Amino acid sequence: QSFDREMGDLFAIQDEIASDIATALLDSFAGLTQPSTGQTDSLAAANAYRTGRLHWWRRTPAELQKALSYFAEALEHDSAFAPAYAGLADSWLLMGLYGNISRPNSIDKAQPMIEKALAIDPRSAEAFAALGLARWQIGQHDSAESSLLQALELNDNYIPAHLWLAGVLGELGRFPEEQRVLEHAMTLDPLNELLVINYAENLRIRGEAEKALQLLADQVKLRPGSMLLLQHFAQQQYLAGNLVEAWRLSHRSYQLEPDNPAGLVAFAKTWTALGEYEEAERLLQQGLAETGSNQSLLSTYWLNLVLTGRLEEAEGLLKDMIASSGDQPPVSMLRGFQLQQALLALAREDWVSAEAQLAASLEGDQDPGYNHDRMFTLSLAAFTAAKLDEEKVAANRLDTFHRELQRARINGVTDSGIYYLEAGLQALRGQNQEAVASLQEAYARGFRELWMLEVDWRLDTLRDEAEFIALKTRIEQDLERDLAEVRSISVASL
């Protein structure tokens, strides 16, 4: 507002402005004192909802199914209880990640529940958080961030909103912001497993792997039977190059719940890293027999087929995955399918088909964060363009890749993955010595995927380099030693 008065009325103007500000503040606070219309007076509904959330946090298919039942029970006691509708929504969304339902189907089931919750209570933090999760899963990061910020404005104590906001920020490569969100949430709920797990991942990406491992080790001491902690601790050990410890942890998780898809995938990945593809396949087939629609199981099994040279089976599985994803799969899922199709074409040295799929995957708006798959796709697309004598296209793609790599470094990324990506860029530019040095740094930070070194077309110019051969030999020896130790543990546990 503007105030047009004579200079002699200065004190009167101050009083008037102060009065207007006070009135405006009182008006703005008035709505905040009103209770949310989505709460319940039913003790039975409230108890069912709280019990549902206890199961919901555990993130297994069986526990999420229990959560769905309890949220439905809450609505039987009070059909206008908005948080219970939000609970149903985000349970279905998580079932698309952890259970036996495709992600598009899970989103379809969740959307009406979100709309119902917001219709009942337009100020429901739970509903805005569920909306943010749904938008995140379909790749609408800006909308997801906005919805989650709205949820936290309504209720800063609602931990799922903090958790998912941190996830969105991490996926966008905004790791310093993700760190701050997680640290604040951990002051509100310091023993929350998922907050700790995500904070550990943030530490690892920013080059503090030892600190991340210690944090998870401390949590596992407190909760030795937590499958979530065991699985993620195993993943962290795997990425740190500690494959024996990764195997121990994922094996323990598998023993606790053999039919848990996330546990099966974690255990299978350790066997794959050790070169034991048959063991990995046995576990994955076991999981697919129980939960054949789980995206993580299907993708991991597809990779196992590719690594064992069964390209026709891999192609058939991929066609089934695409068909079951519906007419409009989430953008991130569609790009993943295009990358998989390109990898199959590359394995057959069909550069034209590979180039078409990679170019399609790169089309449209792209998030500017540290997206490992996108950067890998960019470098492969540069490789295929060069194979087709499209040198200008190849150079442009490498320049884009280089800019995104630099952006990731500015945001604090210093894990083994970024050094491996950098090696691919340098190899494609003919900087062989620099590429080998980057691979050596990736190894120092935990890289042990021998199969990647063997099949990665971008590294073809390095294969006769003495230092590259020495690094590959060192990894082979590491894996032989680790596999022998794992086998001795397996025999001892029988």
# chains A, B, ... in the order shown; residues from 1 in each chain; ligands from 1

call {"tool": "residues_around", "arguments": {"residues": "Met186 (chain A)", "least_positions_apart": "6", "cutoff": "12 Å", "atoms": "only C-alpha atoms", "output": "list of chain:residue names"}}
result
A:Asn157, A:Tyr158, A:Ile159, A:Pro160, A:His162, A:Leu163, A:Ala166, A:Gln179, A:Arg180, A:Asn192, A:Glu193, A:Leu194, A:Leu195, A:Val196, A:Ile197, A:Asn198, A:Tyr199

call {"tool": "select_by_dssp", "arguments": {"residues": "region 222-261 of chain A", "states": "helix (DSSP H, G or I)", "output": "list of chain:residue names"}}
result
A:Leu222, A:Met227, A:Leu228, A:Leu229, A:Leu230, A:Gln231, A:His232, A:Phe233, A:Ala234, A:Gln235, A:Gln236, A:Gln237, A:Tyr238, A:Leu239, A:Leu243, A:Val244, A:Glu245, A:Ala246, A:Trp247, A:Arg248, A:Leu249, A:Ser250, A:His251, A:Arg252, A:Ser253, A:Tyr254, A:Gln255, A:Leu256, A:Pro261

call {"tool": "write_last_selection", "arguments": {"atoms": "N, CA and C atoms", "output": "mmCIF file, in the first residue's frame"}}
result
data_model
loop_
_atom_site.group_PDB
_atom_site.id
_atom_site.type_symbol
_atom_site.label_atom_id
_atom_site.label_comp_id
_atom_site.auth_asym_id
_atom_site.auth_seq_id
_atom_site.Cartn_x
_atom_site.Cartn_y
_atom_site.Cartn_z
ATOM 1 N N LEU A 222 21.120 -51.051 16.719
ATOM 2 C CA LEU A 222 19.881 -50.756 17.442
ATOM 3 C C LEU A 222 18.729 -51.626 16.968
ATOM 4 N N MET A 227 14.825 -55.213 8.076
ATOM 5 C CA MET A 227 15.194 -55.556 6.702
ATOM 6 C C MET A 227 15.543 -54.316 5.890
ATOM 7 N N LEU A 228 14.841 -53.216 6.147
ATOM 8 C CA LEU A 228 15.162 -51.979 5.431
ATOM 9 C C LEU A 228 16.614 -51.576 5.657
ATOM 10 N N LEU A 229 17.017 -51.564 6.925
ATOM 11 C CA LEU A 229 18.387 -51.183 7.246
ATOM 12 C C LEU A 229 19.388 -52.167 6.660
ATOM 13 N N LEU A 230 19.097 -53.458 6.781
ATOM 14 C CA LEU A 230 20.022 -54.466 6.265
ATOM 15 C C LEU A 230 20.199 -54.336 4.751
ATOM 16 N N GLN A 231 19.080 -54.135 4.050
ATOM 17 C CA GLN A 231 19.160 -54.028 2.590
ATOM 18 C C GLN A 231 19.960 -52.803 2.158
ATOM 19 N N HIS A 232 19.705 -51.676 2.796
ATOM 20 C CA HIS A 232 20.397 -50.455 2.387
ATOM 21 C C HIS A 232 21.848 -50.441 2.868
ATOM 22 N N PHE A 233 22.094 -51.041 4.010
ATOM 23 C CA PHE A 233 23.484 -51.174 4.472
ATOM 24 C C PHE A 233 24.255 -52.069 3.498
ATOM 25 N N ALA A 234 23.592 -53.132 3.035
ATOM 26 C CA ALA A 234 24.223 -54.004 2.035
ATOM 27 C C ALA A 234 24.546 -53.230 0.758
ATOM 28 N N GLN A 235 23.600 -52.388 0.331
ATOM 29 C CA GLN A 235 23.831 -51.586 -0.875
ATOM 30 C C GLN A 235 25.005 -50.632 -0.696
ATOM 31 N N GLN A 236 25.086 -50.024 0.471
ATOM 32 C CA GLN A 236 26.199 -49.116 0.733
ATOM 33 C C GLN A 236 27.534 -49.861 0.752
ATOM 34 N N GLN A 237 27.569 -51.041 1.353
ATOM 35 C CA GLN A 237 28.805 -51.834 1.359
ATOM 36 C C GLN A 237 29.177 -52.260 -0.061
ATOM 37 N N TYR A 238 28.183 -52.620 -0.836
ATOM 38 C CA TYR A 238 28.392 -52.989 -2.247
ATOM 39 C C TYR A 238 29.043 -51.839 -3.008
ATOM 40 N N LEU A 239 28.491 -50.634 -2.844
ATOM 41 C CA LEU A 239 29.008 -49.470 -3.566
ATOM 42 C C LEU A 239 30.380 -49.047 -3.051
ATOM 43 N N LEU A 243 32.299 -56.312 -0.925
ATOM 44 C CA LEU A 243 31.297 -57.246 -1.422
ATOM 45 C C LEU A 243 30.995 -58.380 -0.448
ATOM 46 N N VAL A 244 31.972 -58.801 0.329
ATOM 47 C CA VAL A 244 31.715 -59.865 1.308
ATOM 48 C C VAL A 244 30.733 -59.374 2.363
ATOM 49 N N GLU A 245 30.960 -58.177 2.865
ATOM 50 C CA GLU A 245 30.055 -57.618 3.869
ATOM 51 C C GLU A 245 28.688 -57.341 3.259
ATOM 52 N N ALA A 246 28.659 -56.912 2.010
ATOM 53 C CA ALA A 246 27.384 -56.711 1.313
ATOM 54 C C ALA A 246 26.624 -58.032 1.226
ATOM 55 N N TRP A 247 27.361 -59.109 0.925
ATOM 56 C CA TRP A 247 26.729 -60.428 0.838
ATOM 57 C C TRP A 247 26.187 -60.851 2.204
ATOM 58 N N ARG A 248 26.958 -60.669 3.269
ATOM 59 C CA ARG A 248 26.499 -61.047 4.617
ATOM 60 C C ARG A 248 25.183 -60.345 4.967
ATOM 61 N N LEU A 249 25.146 -59.038 4.733
ATOM 62 C CA LEU A 249 23.978 -58.245 5.112
ATOM 63 C C LEU A 249 22.760 -58.596 4.269
ATOM 64 N N SER A 250 22.953 -58.729 2.958
ATOM 65 C CA SER A 250 21.808 -59.055 2.099
ATOM 66 C C SER A 250 21.339 -60.490 2.349
ATOM 67 N N HIS A 251 22.266 -61.378 2.700
ATOM 68 C CA HIS A 251 21.886 -62.744 3.040
ATOM 69 C C HIS A 251 21.058 -62.772 4.320
ATOM 70 N N ARG A 252 21.454 -61.950 5.288
ATOM 71 C CA ARG A 252 20.696 -61.895 6.536
ATOM 72 C C ARG A 252 19.281 -61.359 6.277
ATOM 73 N N SER A 253 19.177 -60.333 5.452
ATOM 74 C CA SER A 253 17.868 -59.791 5.099
ATOM 75 C C SER A 253 17.011 -60.843 4.392
ATOM 76 N N TYR A 254 17.631 -61.585 3.476
ATOM 77 C CA TYR A 254 16.926 -62.637 2.744
ATOM 78 C C TYR A 254 16.426 -63.727 3.690
ATOM 79 N N GLN A 255 17.246 -64.098 4.657
ATOM 80 C CA GLN A 255 16.838 -65.129 5.615
ATOM 81 C C GLN A 255 15.641 -64.674 6.456
ATOM 82 N N LEU A 256 15.597 -63.385 6.784
ATOM 83 C CA LEU A 256 14.493 -62.874 7.591
ATOM 84 C C LEU A 256 13.169 -62.911 6.821
ATOM 85 N N PRO A 261 10.638 -58.696 -2.237
ATOM 86 C CA PRO A 261 11.290 -58.359 -3.515
ATOM 87 C C PRO A 261 12.549 -57.520 -3.355
#

call {"tool": "closest_atom_pairs", "arguments": {"of": "region 307-358 of chain A", "to": "region 390-402 of chain A", "cutoff": "12 Å", "atoms": "only C-alpha atoms", "output": "CSV"}}
result
residue,atom,partner,partner_atom,distance
A:Trp351,CA,A:Glu390,CA,11.8
A:Val352,CA,A:Glu390,CA,11.5
A:Glu355,CA,A:Glu390,CA,10.7
A:Leu358,CA,A:Arg397,CA,11.3

call {"tool": "write_last_selection", "arguments": {"atoms": "all heavy atoms", "output": "mmCIF file, in the first residue's frame"}}
result
data_model
loop_
_atom_site.group_PDB
_atom_site.id
_atom_site.type_symbol
_atom_site.label_atom_id
_atom_site.label_comp_id
_atom_site.auth_asym_id
_atom_site.auth_seq_id
_atom_site.Cartn_x
_atom_site.Cartn_y
_atom_site.Cartn_z
ATOM 1 N N TRP A 351 24.003 -50.205 -34.665
ATOM 2 C CA TRP A 351 24.209 -48.816 -34.257
ATOM 3 C C TRP A 351 23.031 -47.922 -34.628
ATOM 4 O O TRP A 351 22.699 -46.992 -33.886
ATOM 5 C CB TRP A 351 25.488 -48.258 -34.881
ATOM 6 C CG TRP A 351 26.684 -49.157 -34.793
ATOM 7 C CD1 TRP A 351 27.465 -49.581 -35.813
ATOM 8 C CD2 TRP A 351 27.259 -49.734 -33.597
ATOM 9 N NE1 TRP A 351 28.473 -50.395 -35.356
ATOM 10 C CE2 TRP A 351 28.375 -50.497 -33.996
ATOM 11 C CE3 TRP A 351 26.928 -49.695 -32.250
ATOM 12 C CZ2 TRP A 351 29.169 -51.208 -33.099
ATOM 13 C CZ3 TRP A 351 27.715 -50.406 -31.345
ATOM 14 C CH2 TRP A 351 28.814 -51.143 -31.768
ATOM 15 N N VAL A 352 22.381 -48.209 -35.734
ATOM 16 C CA VAL A 352 21.261 -47.380 -36.188
ATOM 17 C C VAL A 352 20.097 -47.464 -35.200
ATOM 18 O O VAL A 352 19.542 -46.441 -34.776
ATOM 19 C CB VAL A 352 20.808 -47.796 -37.600
ATOM 20 C CG1 VAL A 352 19.539 -47.046 -38.002
ATOM 21 C CG2 VAL A 352 21.918 -47.540 -38.616
ATOM 22 N N GLU A 355 21.061 -45.842 -31.880
ATOM 23 C CA GLU A 355 21.037 -44.379 -31.977
ATOM 24 C C GLU A 355 19.602 -43.853 -31.891
ATOM 25 O O GLU A 355 19.328 -42.861 -31.195
ATOM 26 C CB GLU A 355 21.683 -43.942 -33.294
ATOM 27 C CG GLU A 355 21.412 -42.512 -33.723
ATOM 28 C CD GLU A 355 22.073 -41.479 -32.832
ATOM 29 O OE1 GLU A 355 22.950 -41.846 -32.024
ATOM 30 O OE2 GLU A 355 21.698 -40.298 -32.942
ATOM 31 N N LEU A 358 18.328 -44.155 -28.229
ATOM 32 C CA LEU A 358 19.022 -43.219 -27.337
ATOM 33 C C LEU A 358 18.558 -41.788 -27.596
ATOM 34 O O LEU A 358 18.345 -41.011 -26.653
ATOM 35 C CB LEU A 358 20.535 -43.332 -27.538
ATOM 36 C CG LEU A 358 21.155 -44.652 -27.070
ATOM 37 C CD1 LEU A 358 22.575 -44.800 -27.613
ATOM 38 C CD2 LEU A 358 21.163 -44.757 -25.547
#

call {"tool": "residues_around", "arguments": {"residues": "Leu154 (chain A)", "least_positions_apart": "2", "cutoff": "6 Å", "atoms": "only C-alpha atoms", "output": "number ranges by chain"}}
result
A: 125, 151-152

call {"tool": "atom_distance", "arguments": {"atom1": "CA of Ala200 (chain A)", "atom2": "CA of Leu188 (chain A)"}}
result
17.2 Å

call {"tool": "residues_around", "arguments": {"residues": "Pro329 (chain A)", "least_positions_apart": "5", "cutoff": "8 Å", "atoms": "only C-alpha atoms", "output": "MDAnalysis selection string"}}
result
chainID A and resid 104 138 334

call {"tool": "write_last_selection", "arguments": {"atoms": "N, CA and C atoms", "output": "PDB file, in the first residue's frame"}}
result
ATOM      1  N   PRO A 104       2.332 -47.707 -13.034  1.00  0.00           N
ATOM      2  CA  PRO A 104       1.153 -47.007 -13.567  1.00  0.00           C
ATOM      3  C   PRO A 104      -0.137 -47.423 -12.863  1.00  0.00           C
ATOM      4  N   ILE A 138       5.670 -39.710 -11.424  1.00  0.00           N
ATOM      5  CA  ILE A 138       5.441 -39.556 -12.867  1.00  0.00           C
ATOM      6  C   ILE A 138       6.408 -38.556 -13.478  1.00  0.00           C
ATOM      7  N   LEU A 334       9.475 -44.710 -19.234  1.00  0.00           N
ATOM      8  CA  LEU A 334       9.593 -44.781 -20.687  1.00  0.00           C
ATOM      9  C   LEU A 334      11.048 -44.613 -21.127  1.00  0.00           C
TER      10      LEU A 334
END

call {"tool": "atom_distance", "arguments": {"atom1": "CA of Phe447 (chain A)", "atom2": "CA of Arg403 (chain A)"}}
result
23.2 Å

call {"tool": "atom_distance", "arguments": {"atom1": "CA of Arg407 (chain A)", "atom2": "CA of Gly173 (chain A)"}}
result
8.6 Å

call {"tool": "closest_residue", "arguments": {"among": "A:Val486, A:Leu216, A:Ile101, A:Ala444", "to": "Ala240 (chain A)", "atoms": "only C-alpha atoms"}}
result
A:Ala444

call {"tool": "closest_atom_pairs", "arguments": {"of": "region 290-379 of chain A", "to": "region 58-81 of chain A", "cutoff": "12 Å", "atoms": "only C-alpha atoms", "output": "CSV"}}
result
residue,atom,partner,partner_atom,distance
A:Glu290,CA,A:Pro61,CA,11.1
A:Thr291,CA,A:Pro61,CA,9.4
A:Asn294,CA,A:Pro61,CA,10.3

call {"tool": "write_last_selection", "arguments": {"atoms": "all heavy atoms", "output": "PDB file, in the first residue's frame"}}
result
ATOM      1  N   GLU A 290       6.605 -65.216  -7.190  1.00  0.00           N
ATOM      2  CA  GLU A 290       5.702 -64.695  -6.160  1.00  0.00           C
ATOM      3  C   GLU A 290       5.157 -63.321  -6.529  1.00  0.00           C
ATOM      4  O   GLU A 290       3.973 -63.037  -6.325  1.00  0.00           O
ATOM      5  CB  GLU A 290       6.449 -64.598  -4.814  1.00  0.00           C
ATOM      6  CG  GLU A 290       6.918 -65.924  -4.270  1.00  0.00           C
ATOM      7  CD  GLU A 290       5.777 -66.807  -3.803  1.00  0.00           C
ATOM      8  OE1 GLU A 290       4.740 -66.241  -3.388  1.00  0.00           O
ATOM      9  OE2 GLU A 290       5.915 -68.039  -3.868  1.00  0.00           O
ATOM     10  N   THR A 291       6.019 -62.452  -7.037  1.00  0.00           N
ATOM     11  CA  THR A 291       5.628 -61.062  -7.313  1.00  0.00           C
ATOM     12  C   THR A 291       6.103 -60.675  -8.705  1.00  0.00           C
ATOM     13  O   THR A 291       7.041 -59.908  -8.859  1.00  0.00           O
ATOM     14  CB  THR A 291       6.223 -60.103  -6.252  1.00  0.00           C
ATOM     15  OG1 THR A 291       7.633 -60.314  -6.177  1.00  0.00           O
ATOM     16  CG2 THR A 291       5.613 -60.327  -4.900  1.00  0.00           C
ATOM     17  N   ASN A 294       6.704 -56.871 -10.020  1.00  0.00           N
ATOM     18  CA  ASN A 294       7.593 -55.934  -9.345  1.00  0.00           C
ATOM     19  C   ASN A 294       8.650 -55.421 -10.321  1.00  0.00           C
ATOM     20  O   ASN A 294       9.431 -56.196 -10.876  1.00  0.00           O
ATOM     21  CB  ASN A 294       8.254 -56.610  -8.142  1.00  0.00           C
ATOM     22  CG  ASN A 294       9.133 -55.664  -7.365  1.00  0.00           C
ATOM     23  OD1 ASN A 294      10.295 -55.490  -7.676  1.00  0.00           O
ATOM     24  ND2 ASN A 294       8.566 -55.033  -6.348  1.00  0.00           N
TER      25      ASN A 294
END

call {"tool": "closest_residue", "arguments": {"among": "A:Leu298, A:Ala212, A:Leu191, A:Ile322", "to": "Phe337 (chain A)", "atoms": "only C-alpha atoms"}}
result
A:Ile322
